[in-house]
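Undergrad: Pasting protein.cif below, which is mmCIF, N, CA and C atoms.
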```cif
data_coords
loop_
_atom_site.label_atom_id
_atom_site.label_comp_id
_atom_site.auth_asym_id
_atom_site.auth_seq_id
_atom_site.Cartn_x
_atom_site.Cartn_y
_atom_site.Cartn_z
N GLY A 2 106.78 124.99 125.31
CA GLY A 2 106.20 126.22 124.83
C GLY A 2 105.13 126.76 125.75
N GLY A 3 105.23 126.56 127.06
CA GLY A 3 104.24 127.09 127.98
C GLY A 3 102.98 126.27 128.08
N VAL A 4 102.96 125.10 127.47
CA VAL A 4 101.79 124.22 127.51
C VAL A 4 101.92 123.29 128.71
N ASP A 5 100.89 123.28 129.56
CA ASP A 5 100.87 122.36 130.69
C ASP A 5 100.13 121.11 130.25
N ALA A 6 100.88 120.10 129.80
CA ALA A 6 100.29 118.88 129.26
C ALA A 6 99.56 118.08 130.33
N ALA A 7 99.84 118.35 131.60
CA ALA A 7 99.21 117.60 132.68
C ALA A 7 97.96 118.29 133.22
N ALA A 8 97.66 119.49 132.77
CA ALA A 8 96.50 120.23 133.29
C ALA A 8 95.20 119.50 132.97
N ALA A 9 94.31 119.45 133.96
CA ALA A 9 93.01 118.79 133.78
C ALA A 9 91.91 119.73 134.24
N GLY A 10 90.74 119.59 133.61
CA GLY A 10 89.58 120.38 133.99
C GLY A 10 88.86 119.76 135.17
N PRO A 11 87.75 120.37 135.61
CA PRO A 11 87.01 119.86 136.75
C PRO A 11 86.47 118.43 136.56
N ASP A 12 86.28 118.05 135.30
CA ASP A 12 85.77 116.70 135.03
C ASP A 12 86.89 115.66 134.94
N GLY A 13 88.16 116.10 135.12
CA GLY A 13 89.29 115.19 135.07
C GLY A 13 89.86 114.97 133.69
N ARG A 14 89.21 115.54 132.68
CA ARG A 14 89.71 115.40 131.31
C ARG A 14 90.82 116.41 131.07
N PRO A 15 91.75 116.11 130.16
CA PRO A 15 92.85 117.04 129.88
C PRO A 15 92.32 118.40 129.40
N SER A 16 92.90 119.48 129.90
CA SER A 16 92.54 120.82 129.45
C SER A 16 93.03 121.07 128.03
N VAL A 17 94.16 120.49 127.69
CA VAL A 17 94.74 120.62 126.36
C VAL A 17 94.69 119.26 125.69
N PRO A 18 94.08 119.16 124.51
CA PRO A 18 94.08 117.87 123.83
C PRO A 18 95.50 117.40 123.59
N ARG A 19 95.77 116.16 123.88
CA ARG A 19 97.11 115.61 123.71
C ARG A 19 97.23 114.96 122.34
N LEU A 20 98.42 115.03 121.79
CA LEU A 20 98.73 114.35 120.54
C LEU A 20 99.54 113.12 120.90
N VAL A 21 99.02 111.96 120.55
CA VAL A 21 99.68 110.71 120.91
C VAL A 21 100.27 110.09 119.64
N CYS A 22 101.59 109.88 119.65
CA CYS A 22 102.27 109.25 118.53
C CYS A 22 102.48 107.78 118.88
N GLU A 23 101.92 106.89 118.06
CA GLU A 23 102.03 105.46 118.33
C GLU A 23 102.78 104.76 117.21
N VAL A 24 103.52 103.73 117.58
CA VAL A 24 104.20 102.87 116.63
C VAL A 24 103.80 101.44 116.95
N ASP A 25 103.16 100.79 115.99
CA ASP A 25 102.69 99.41 116.18
C ASP A 25 101.84 99.26 117.44
N GLY A 26 100.96 100.24 117.70
CA GLY A 26 100.07 100.18 118.85
C GLY A 26 100.72 100.53 120.18
N ARG A 27 102.00 100.91 120.17
CA ARG A 27 102.71 101.27 121.39
C ARG A 27 102.96 102.77 121.38
N VAL A 28 102.68 103.44 122.49
CA VAL A 28 102.87 104.89 122.58
C VAL A 28 104.36 105.20 122.53
N ALA A 29 104.75 106.04 121.54
CA ALA A 29 106.15 106.44 121.40
C ALA A 29 106.39 107.82 121.98
N ALA A 30 105.37 108.69 121.93
CA ALA A 30 105.50 110.05 122.45
C ALA A 30 104.12 110.63 122.69
N VAL A 31 104.03 111.49 123.71
CA VAL A 31 102.80 112.21 123.99
C VAL A 31 103.16 113.68 124.06
N LEU A 32 102.52 114.47 123.22
CA LEU A 32 102.78 115.90 123.18
C LEU A 32 101.56 116.65 123.69
N GLY A 33 101.80 117.74 124.40
CA GLY A 33 100.72 118.53 124.97
C GLY A 33 100.16 119.54 124.00
N GLY A 34 99.28 119.12 123.13
CA GLY A 34 98.61 120.02 122.20
C GLY A 34 99.46 120.34 120.98
N VAL A 35 98.88 121.10 120.05
CA VAL A 35 99.57 121.41 118.80
C VAL A 35 100.76 122.34 119.00
N GLU A 36 100.76 123.15 120.05
CA GLU A 36 101.92 124.00 120.32
C GLU A 36 103.17 123.16 120.49
N SER A 37 103.03 121.96 121.03
CA SER A 37 104.18 121.10 121.25
C SER A 37 104.80 120.60 119.95
N LEU A 38 104.08 120.71 118.84
CA LEU A 38 104.65 120.32 117.56
C LEU A 38 105.78 121.25 117.15
N ARG A 39 105.69 122.52 117.57
CA ARG A 39 106.72 123.47 117.20
C ARG A 39 108.05 123.13 117.85
N THR A 40 108.02 122.91 119.14
CA THR A 40 109.24 122.59 119.86
C THR A 40 108.94 121.55 120.92
N PRO A 41 108.79 120.28 120.50
CA PRO A 41 108.49 119.26 121.50
C PRO A 41 109.63 119.15 122.49
N PRO A 42 109.31 118.89 123.75
CA PRO A 42 110.38 118.74 124.73
C PRO A 42 111.19 117.48 124.43
N ALA A 43 112.47 117.51 124.76
CA ALA A 43 113.33 116.36 124.50
C ALA A 43 112.80 115.10 125.16
N ALA A 44 112.14 115.26 126.31
CA ALA A 44 111.62 114.10 127.04
C ALA A 44 110.51 113.38 126.27
N ALA A 45 109.92 114.03 125.27
CA ALA A 45 108.86 113.39 124.49
C ALA A 45 109.40 112.25 123.64
N PHE A 46 110.67 112.29 123.33
CA PHE A 46 111.29 111.26 122.50
C PHE A 46 112.50 110.70 123.24
N PRO A 47 112.49 109.42 123.60
CA PRO A 47 113.57 108.87 124.42
C PRO A 47 114.91 108.71 123.70
N TYR A 48 114.90 108.64 122.35
CA TYR A 48 116.14 108.44 121.61
C TYR A 48 116.22 109.43 120.45
N VAL A 49 117.43 109.81 120.10
CA VAL A 49 117.69 110.63 118.92
C VAL A 49 118.78 109.94 118.12
N TYR A 50 118.83 110.21 116.82
CA TYR A 50 119.90 109.62 116.02
C TYR A 50 120.39 110.64 115.00
N ARG A 51 121.64 110.46 114.64
CA ARG A 51 122.25 111.34 113.64
C ARG A 51 123.38 110.57 112.97
N ARG A 52 123.53 110.81 111.68
CA ARG A 52 124.63 110.17 110.95
C ARG A 52 125.90 110.98 111.19
N ASP A 53 126.94 110.29 111.61
CA ASP A 53 128.22 110.94 111.86
C ASP A 53 128.86 111.29 110.52
N PRO A 54 129.27 112.54 110.32
CA PRO A 54 129.82 112.92 109.01
C PRO A 54 131.18 112.27 108.71
N ALA A 55 131.90 111.87 109.74
CA ALA A 55 133.23 111.29 109.53
C ALA A 55 133.16 109.85 109.02
N ASP A 56 132.40 108.98 109.70
CA ASP A 56 132.37 107.57 109.29
C ASP A 56 131.03 107.13 108.69
N LYS A 57 130.08 108.06 108.59
CA LYS A 57 128.77 107.81 107.96
C LYS A 57 127.90 106.80 108.71
N ARG A 58 128.25 106.47 109.94
CA ARG A 58 127.45 105.54 110.75
C ARG A 58 126.47 106.34 111.60
N PHE A 59 125.33 105.72 111.89
CA PHE A 59 124.33 106.36 112.75
C PHE A 59 124.68 106.13 114.21
N ARG A 60 124.57 107.17 115.00
CA ARG A 60 124.72 107.07 116.44
C ARG A 60 123.34 107.28 117.05
N VAL A 61 122.83 106.28 117.76
CA VAL A 61 121.56 106.40 118.47
C VAL A 61 121.91 106.75 119.91
N ARG A 62 121.34 107.86 120.39
CA ARG A 62 121.66 108.34 121.73
C ARG A 62 120.41 108.47 122.57
N ARG A 63 120.58 108.33 123.88
CA ARG A 63 119.49 108.65 124.79
C ARG A 63 119.32 110.16 124.77
N SER A 64 118.10 110.63 124.62
CA SER A 64 117.89 112.07 124.50
C SER A 64 118.12 112.80 125.81
N ASP A 65 117.99 112.11 126.95
CA ASP A 65 118.14 112.83 128.22
C ASP A 65 119.59 113.11 128.59
N ASP A 66 120.52 112.20 128.25
CA ASP A 66 121.91 112.42 128.65
C ASP A 66 122.91 112.30 127.50
N GLY A 67 122.45 111.96 126.29
CA GLY A 67 123.33 111.88 125.14
C GLY A 67 124.19 110.64 125.04
N THR A 68 123.98 109.68 125.93
CA THR A 68 124.75 108.44 125.90
C THR A 68 124.46 107.65 124.63
N VAL A 69 125.51 107.22 123.92
CA VAL A 69 125.34 106.40 122.72
C VAL A 69 124.92 105.00 123.15
N VAL A 70 123.77 104.55 122.65
CA VAL A 70 123.26 103.22 123.00
C VAL A 70 123.36 102.24 121.83
N GLU A 71 123.61 102.77 120.62
CA GLU A 71 123.73 101.90 119.45
C GLU A 71 124.49 102.66 118.37
N THR A 72 125.32 101.95 117.63
CA THR A 72 125.97 102.48 116.44
C THR A 72 125.58 101.56 115.31
N ALA A 73 125.07 102.13 114.22
CA ALA A 73 124.56 101.30 113.13
C ALA A 73 125.06 101.82 111.78
N SER A 74 125.23 100.89 110.84
CA SER A 74 125.71 101.26 109.51
C SER A 74 124.62 101.85 108.63
N GLY A 75 123.36 101.60 108.96
CA GLY A 75 122.26 102.11 108.15
C GLY A 75 120.93 101.87 108.82
N PHE A 76 119.86 102.18 108.09
CA PHE A 76 118.51 102.04 108.66
C PHE A 76 118.14 100.59 108.95
N ALA A 77 118.55 99.66 108.09
CA ALA A 77 118.23 98.25 108.33
C ALA A 77 118.87 97.77 109.62
N ALA A 78 120.09 98.18 109.88
CA ALA A 78 120.78 97.79 111.11
C ALA A 78 120.11 98.44 112.33
N MET A 79 119.63 99.68 112.17
CA MET A 79 118.92 100.33 113.27
C MET A 79 117.64 99.58 113.59
N ARG A 80 116.89 99.20 112.54
CA ARG A 80 115.65 98.44 112.77
C ARG A 80 115.94 97.10 113.43
N ALA A 81 117.00 96.42 112.99
CA ALA A 81 117.36 95.13 113.57
C ALA A 81 117.71 95.26 115.06
N ALA A 82 118.22 96.43 115.46
CA ALA A 82 118.57 96.67 116.86
C ALA A 82 117.37 97.15 117.67
N GLY A 83 116.20 97.31 117.00
CA GLY A 83 114.99 97.70 117.72
C GLY A 83 114.68 99.18 117.67
N PHE A 84 115.40 99.97 116.88
CA PHE A 84 115.15 101.40 116.76
C PHE A 84 114.52 101.66 115.39
N VAL A 85 113.33 102.24 115.37
CA VAL A 85 112.65 102.52 114.11
C VAL A 85 112.91 103.96 113.74
N PRO A 86 113.67 104.20 112.69
CA PRO A 86 113.97 105.57 112.30
C PRO A 86 112.74 106.29 111.75
N VAL A 87 112.66 107.57 112.04
CA VAL A 87 111.58 108.41 111.53
C VAL A 87 112.02 108.90 110.16
N PRO A 88 111.19 108.72 109.12
CA PRO A 88 111.63 109.05 107.77
C PRO A 88 111.86 110.54 107.52
N MET A 89 111.14 111.41 108.20
CA MET A 89 111.29 112.86 107.99
C MET A 89 111.03 113.57 109.31
N PRO A 90 111.63 114.73 109.48
CA PRO A 90 111.30 115.51 110.68
C PRO A 90 109.88 116.03 110.59
N LEU A 91 109.31 116.44 111.73
CA LEU A 91 107.95 116.98 111.73
C LEU A 91 107.83 118.18 110.80
N VAL A 92 108.83 119.04 110.79
CA VAL A 92 108.87 120.18 109.88
C VAL A 92 110.16 120.04 109.08
N PRO A 93 110.07 119.63 107.82
CA PRO A 93 111.28 119.36 107.04
C PRO A 93 111.94 120.66 106.55
N GLU A 94 112.75 121.28 107.42
CA GLU A 94 113.39 122.55 107.09
C GLU A 94 114.23 122.45 105.82
N HIS A 95 114.86 121.29 105.60
CA HIS A 95 115.72 121.16 104.43
C HIS A 95 114.92 121.18 103.13
N VAL A 96 113.63 120.87 103.18
CA VAL A 96 112.78 120.94 101.98
C VAL A 96 112.36 122.38 101.72
N LEU A 97 112.08 123.11 102.79
CA LEU A 97 111.63 124.50 102.65
C LEU A 97 112.75 125.45 102.27
N GLY A 98 113.96 125.17 102.70
CA GLY A 98 115.11 126.01 102.40
C GLY A 98 115.49 126.91 103.55
N PRO A 99 116.73 127.38 103.57
CA PRO A 99 117.23 128.16 104.71
C PRO A 99 116.63 129.55 104.83
N SER A 100 116.06 130.10 103.75
CA SER A 100 115.53 131.46 103.82
C SER A 100 114.08 131.53 104.31
N VAL A 101 113.43 130.38 104.53
CA VAL A 101 112.03 130.35 104.93
C VAL A 101 111.91 130.41 106.45
N ASP A 102 111.03 131.29 106.94
CA ASP A 102 110.72 131.35 108.36
C ASP A 102 109.78 130.18 108.65
N VAL A 103 110.33 129.11 109.24
CA VAL A 103 109.57 127.87 109.43
C VAL A 103 108.34 128.11 110.29
N ASP A 104 108.45 128.92 111.36
CA ASP A 104 107.31 129.16 112.24
C ASP A 104 106.12 129.76 111.47
N GLY A 105 106.39 130.59 110.49
CA GLY A 105 105.30 131.23 109.75
C GLY A 105 104.94 130.53 108.46
N ALA A 106 105.65 129.44 108.13
CA ALA A 106 105.47 128.82 106.82
C ALA A 106 104.47 127.69 106.78
N TRP A 107 103.94 127.27 107.92
CA TRP A 107 103.02 126.14 107.90
C TRP A 107 101.96 126.30 108.98
N ASP A 108 100.85 125.63 108.78
CA ASP A 108 99.73 125.64 109.71
C ASP A 108 99.23 124.22 109.91
N LEU A 109 98.59 124.00 111.03
CA LEU A 109 97.91 122.74 111.28
C LEU A 109 96.43 123.05 111.31
N VAL A 110 95.68 122.40 110.44
CA VAL A 110 94.24 122.66 110.35
C VAL A 110 93.51 121.40 110.79
N VAL A 111 92.56 121.58 111.70
CA VAL A 111 91.76 120.47 112.20
C VAL A 111 90.31 120.74 111.84
N GLY A 112 89.69 119.81 111.11
CA GLY A 112 88.30 119.96 110.74
C GLY A 112 87.39 119.37 111.80
N ASP A 113 86.17 119.87 111.87
CA ASP A 113 85.23 119.35 112.88
C ASP A 113 84.36 118.23 112.32
N GLY A 114 84.58 117.86 111.06
CA GLY A 114 83.82 116.78 110.45
C GLY A 114 82.56 117.26 109.75
N ALA A 115 82.17 118.49 109.94
CA ALA A 115 80.98 119.02 109.28
C ALA A 115 81.30 119.34 107.82
N GLU A 116 80.37 119.04 106.95
CA GLU A 116 80.57 119.33 105.54
C GLU A 116 80.00 120.70 105.21
N ASP A 117 80.85 121.57 104.64
CA ASP A 117 80.43 122.91 104.31
C ASP A 117 79.87 122.99 102.90
N GLY A 118 80.02 121.96 102.09
CA GLY A 118 79.52 121.99 100.73
C GLY A 118 80.51 122.50 99.84
#
```
In structure tokens, how does this file's structure come out?
TA:
Amino acid sequence: GGVDAAAAGPDGRPSVPRLVCEVDGRVAAVLGGVESLRTPPAAAFPYVYRRDPADKRFRVRRSDDGTVVETASGFAAMRAAGFVPVPMPLVPEHVLGPSVDVDGAWDLVVGDGAEDG
């Protein structure tokens, strides 16, 4: 989305605050600011999965080239193979419904820690 996640200021600190997604203390993805939540680049997540409608099995694929690296019967089998499924998408479109403009339907609010009373 036009965000330069590698940009740094004169002090060497990132110009855009990065969002770091960790699983069990291991970095799973790094996104360049909140804009990246809308449309994170495919490279931010090394694997994708989807249940095949024909045989109901999950296909885990490399996100960069689509190569199937694992086929699993369910979430327990995916976990056993070392892939931790994400329980919900970042923006659950199926909960909001097809008529909702997802881009305009949600906001991310960050507080500064000050109490307003």
Undergrad: One decimal, in Å: what's the spacing between atom N of A:Phe76 and atom N of A:Asp53?
TA: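 Straight-line distance from atom N of A:Phe76 to atom N of A:Asp53 works out to 11.3 Å.
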Undergrad: Just checking: using only C-alpha atoms, which residue out of A:Val49, A:Val61, A:Val85, A:Glu71 ends up closest to A:Asp25?
TA: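 Answer, going by the shortest atom-to-atom distance: A:Val85.
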Undergrad: Name all residues at most 6 Å from A:Ala73 (count all atoms listed in the file; drop same-chain ones fewer than 3 positions away) and give them as a list in words.
TA: Arg58, Phe59, Arg60, Val61, Ala78 and Met79 of chain A
Undergrad: With N, CA and C atoms retained, export the selected residues as an mmCIF file, keeping the file's coordinate frame.
TA:
```cif
data_model
loop_
_atom_site.group_PDB
_atom_site.id
_atom_site.type_symbol
_atom_site.label_atom_id
_atom_site.label_comp_id
_atom_site.auth_asym_id
_atom_site.auth_seq_id
_atom_site.Cartn_x
_atom_site.Cartn_y
_atom_site.Cartn_z
ATOM 1 N N ARG A 58 128.250 106.470 109.940
ATOM 2 C CA ARG A 58 127.450 105.540 110.750
ATOM 3 C C ARG A 58 126.470 106.340 111.600
ATOM 4 N N PHE A 59 125.330 105.720 111.890
ATOM 5 C CA PHE A 59 124.330 106.360 112.750
ATOM 6 C C PHE A 59 124.680 106.130 114.210
ATOM 7 N N ARG A 60 124.570 107.170 115.000
ATOM 8 C CA ARG A 60 124.720 107.070 116.440
ATOM 9 C C ARG A 60 123.340 107.280 117.050
ATOM 10 N N VAL A 61 122.830 106.280 117.760
ATOM 11 C CA VAL A 61 121.560 106.400 118.470
ATOM 12 C C VAL A 61 121.910 106.750 119.910
ATOM 13 N N ALA A 78 120.090 98.180 109.880
ATOM 14 C CA ALA A 78 120.780 97.790 111.110
ATOM 15 C C ALA A 78 120.110 98.440 112.330
ATOM 16 N N MET A 79 119.630 99.680 112.170
ATOM 17 C CA MET A 79 118.920 100.330 113.270
ATOM 18 C C MET A 79 117.640 99.580 113.590
#
```
Undergrad: What is the atom C of A:Pro47 to atom N of A:Arg62 distance in Å?
TA: 7.3 Å
Undergrad: Report the distance between atom CA of A:Arg63 and atom CA of A:Phe46 in Å, rounded to one decimal place.
TA: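 Calculated distance between atom CA of A:Arg63 and atom CA of A:Phe46 is 8.9 Å.
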Undergrad: Please write the residues picked by the PyMOL selection byres (((chain A and resi 20 and name CA) around 6) and name CA) on this file as a list in words.
TA: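 Evaluating the PyMOL selection byres (((chain A and resi 20 and name CA) around 6) and name CA) on this file yields Arg19, Val21, Val31, Leu32 and Gly34 of chain A.
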Undergrad: Closest to A:Ser74 among A:Gly10, A:Asp56, A:Tyr50, A:Ser16, using only N, CA and C atoms?
TA: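 Nearest candidate to A:Ser74 out of A:Gly10, A:Asp56, A:Tyr50, A:Ser16: A:Asp56.
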Undergrad: Using the atoms already present, construct all heavy atoms for stretch 57-68 of chain A and hand them back as a PDB file, in the coordinates of the input.
TA:
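Output contents, as saved in rebuild_31.pdb:
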```pdb
ATOM      1  N   LYS A  57     130.080 108.060 108.590  1.00  0.00           N
ATOM      2  CA  LYS A  57     128.770 107.810 107.960  1.00  0.00           C
ATOM      3  C   LYS A  57     127.900 106.800 108.710  1.00  0.00           C
ATOM      4  O   LYS A  57     126.928 106.298 108.177  1.00  0.00           O
ATOM      5  CB  LYS A  57     128.908 107.372 106.490  1.00  0.00           C
ATOM      6  CG  LYS A  57     129.730 108.285 105.634  1.00  0.00           C
ATOM      7  CD  LYS A  57     129.119 109.654 105.532  1.00  0.00           C
ATOM      8  CE  LYS A  57     129.918 110.502 104.567  1.00  0.00           C
ATOM      9  NZ  LYS A  57     129.792 111.889 104.794  1.00  0.00           N
ATOM     10  N   ARG A  58     128.250 106.470 109.940  1.00  0.00           N
ATOM     11  CA  ARG A  58     127.450 105.540 110.750  1.00  0.00           C
ATOM     12  C   ARG A  58     126.470 106.340 111.600  1.00  0.00           C
ATOM     13  O   ARG A  58     126.742 107.473 111.977  1.00  0.00           O
ATOM     14  CB  ARG A  58     128.360 104.680 111.629  1.00  0.00           C
ATOM     15  CG  ARG A  58     129.229 103.723 110.803  1.00  0.00           C
ATOM     16  CD  ARG A  58     130.146 102.908 111.671  1.00  0.00           C
ATOM     17  NE  ARG A  58     129.424 102.045 112.595  1.00  0.00           N
ATOM     18  CZ  ARG A  58     128.904 100.855 112.297  1.00  0.00           C
ATOM     19  NH1 ARG A  58     129.025 100.364 111.087  1.00  0.00           N
ATOM     20  NH2 ARG A  58     128.275 100.144 113.198  1.00  0.00           N
ATOM     21  N   PHE A  59     125.330 105.720 111.890  1.00  0.00           N
ATOM     22  CA  PHE A  59     124.330 106.360 112.750  1.00  0.00           C
ATOM     23  C   PHE A  59     124.680 106.130 114.210  1.00  0.00           C
ATOM     24  O   PHE A  59     125.054 105.019 114.597  1.00  0.00           O
ATOM     25  CB  PHE A  59     122.929 105.801 112.472  1.00  0.00           C
ATOM     26  CG  PHE A  59     122.341 106.277 111.188  1.00  0.00           C
ATOM     27  CD1 PHE A  59     122.380 105.478 110.056  1.00  0.00           C
ATOM     28  CD2 PHE A  59     121.758 107.528 111.108  1.00  0.00           C
ATOM     29  CE1 PHE A  59     121.836 105.916 108.873  1.00  0.00           C
ATOM     30  CE2 PHE A  59     121.220 107.976 109.910  1.00  0.00           C
ATOM     31  CZ  PHE A  59     121.263 107.171 108.797  1.00  0.00           C
ATOM     32  N   ARG A  60     124.570 107.170 115.000  1.00  0.00           N
ATOM     33  CA  ARG A  60     124.720 107.070 116.440  1.00  0.00           C
ATOM     34  C   ARG A  60     123.340 107.280 117.050  1.00  0.00           C
ATOM     35  O   ARG A  60     122.728 108.333 116.848  1.00  0.00           O
ATOM     36  CB  ARG A  60     125.655 108.138 117.008  1.00  0.00           C
ATOM     37  CG  ARG A  60     127.042 108.183 116.410  1.00  0.00           C
ATOM     38  CD  ARG A  60     127.872 106.973 116.818  1.00  0.00           C
ATOM     39  NE  ARG A  60     129.270 107.151 116.518  1.00  0.00           N
ATOM     40  CZ  ARG A  60     129.848 106.838 115.365  1.00  0.00           C
ATOM     41  NH1 ARG A  60     129.120 106.348 114.382  1.00  0.00           N
ATOM     42  NH2 ARG A  60     131.130 107.001 115.179  1.00  0.00           N
ATOM     43  N   VAL A  61     122.830 106.280 117.760  1.00  0.00           N
ATOM     44  CA  VAL A  61     121.560 106.400 118.470  1.00  0.00           C
ATOM     45  C   VAL A  61     121.910 106.750 119.910  1.00  0.00           C
ATOM     46  O   VAL A  61     122.687 106.052 120.555  1.00  0.00           O
ATOM     47  CB  VAL A  61     120.743 105.079 118.423  1.00  0.00           C
ATOM     48  CG1 VAL A  61     119.431 105.238 119.174  1.00  0.00           C
ATOM     49  CG2 VAL A  61     120.498 104.659 116.979  1.00  0.00           C
ATOM     50  N   ARG A  62     121.340 107.860 120.390  1.00  0.00           N
ATOM     51  CA  ARG A  62     121.660 108.340 121.730  1.00  0.00           C
ATOM     52  C   ARG A  62     120.410 108.470 122.570  1.00  0.00           C
ATOM     53  O   ARG A  62     119.329 108.711 122.040  1.00  0.00           O
ATOM     54  CB  ARG A  62     122.317 109.728 121.656  1.00  0.00           C
ATOM     55  CG  ARG A  62     123.596 109.763 120.876  1.00  0.00           C
ATOM     56  CD  ARG A  62     124.121 111.197 120.753  1.00  0.00           C
ATOM     57  NE  ARG A  62     125.303 111.251 119.934  1.00  0.00           N
ATOM     58  CZ  ARG A  62     126.539 111.087 120.386  1.00  0.00           C
ATOM     59  NH1 ARG A  62     126.748 110.882 121.663  1.00  0.00           N
ATOM     60  NH2 ARG A  62     127.554 111.125 119.564  1.00  0.00           N
ATOM     61  N   ARG A  63     120.580 108.330 123.880  1.00  0.00           N
ATOM     62  CA  ARG A  63     119.490 108.650 124.790  1.00  0.00           C
ATOM     63  C   ARG A  63     119.320 110.160 124.770  1.00  0.00           C
ATOM     64  O   ARG A  63     120.294 110.899 124.878  1.00  0.00           O
ATOM     65  CB  ARG A  63     119.817 108.201 126.215  1.00  0.00           C
ATOM     66  CG  ARG A  63     119.447 106.782 126.463  1.00  0.00           C
ATOM     67  CD  ARG A  63     119.499 106.486 127.953  1.00  0.00           C
ATOM     68  NE  ARG A  63     120.417 105.368 128.106  1.00  0.00           N
ATOM     69  CZ  ARG A  63     121.402 105.294 128.965  1.00  0.00           C
ATOM     70  NH1 ARG A  63     121.625 106.260 129.806  1.00  0.00           N
ATOM     71  NH2 ARG A  63     122.176 104.254 129.000  1.00  0.00           N
ATOM     72  N   SER A  64     118.100 110.630 124.620  1.00  0.00           N
ATOM     73  CA  SER A  64     117.890 112.070 124.500  1.00  0.00           C
ATOM     74  C   SER A  64     118.120 112.800 125.810  1.00  0.00           C
ATOM     75  O   SER A  64     118.446 113.980 125.803  1.00  0.00           O
ATOM     76  CB  SER A  64     116.483 112.365 123.972  1.00  0.00           C
ATOM     77  OG  SER A  64     115.511 111.899 124.875  1.00  0.00           O
ATOM     78  N   ASP A  65     117.990 112.110 126.950  1.00  0.00           N
ATOM     79  CA  ASP A  65     118.140 112.830 128.220  1.00  0.00           C
ATOM     80  C   ASP A  65     119.590 113.110 128.590  1.00  0.00           C
ATOM     81  O   ASP A  65     119.900 114.149 129.136  1.00  0.00           O
ATOM     82  CB  ASP A  65     117.424 112.088 129.359  1.00  0.00           C
ATOM     83  CG  ASP A  65     117.945 110.665 129.571  1.00  0.00           C
ATOM     84  OD1 ASP A  65     118.748 110.183 128.740  1.00  0.00           O
ATOM     85  OD2 ASP A  65     117.547 110.051 130.576  1.00  0.00           O
ATOM     86  N   ASP A  66     120.520 112.200 128.250  1.00  0.00           N
ATOM     87  CA  ASP A  66     121.910 112.420 128.650  1.00  0.00           C
ATOM     88  C   ASP A  66     122.910 112.300 127.500  1.00  0.00           C
ATOM     89  O   ASP A  66     124.107 112.493 127.701  1.00  0.00           O
ATOM     90  CB  ASP A  66     122.297 111.495 129.803  1.00  0.00           C
ATOM     91  CG  ASP A  66     122.285 110.026 129.418  1.00  0.00           C
ATOM     92  OD1 ASP A  66     122.072 109.694 128.241  1.00  0.00           O
ATOM     93  OD2 ASP A  66     122.491 109.198 130.330  1.00  0.00           O
ATOM     94  N   GLY A  67     122.450 111.960 126.290  1.00  0.00           N
ATOM     95  CA  GLY A  67     123.330 111.880 125.140  1.00  0.00           C
ATOM     96  C   GLY A  67     124.190 110.640 125.040  1.00  0.00           C
ATOM     97  O   GLY A  67     125.035 110.534 124.152  1.00  0.00           O
ATOM     98  N   THR A  68     123.980 109.680 125.930  1.00  0.00           N
ATOM     99  CA  THR A  68     124.750 108.440 125.900  1.00  0.00           C
ATOM    100  C   THR A  68     124.460 107.650 124.630  1.00  0.00           C
ATOM    101  O   THR A  68     123.299 107.431 124.284  1.00  0.00           O
ATOM    102  CB  THR A  68     124.421 107.563 127.125  1.00  0.00           C
ATOM    103  OG1 THR A  68     124.711 108.301 128.305  1.00  0.00           O
ATOM    104  CG2 THR A  68     125.215 106.271 127.117  1.00  0.00           C
TER     105      THR A  68
END
```
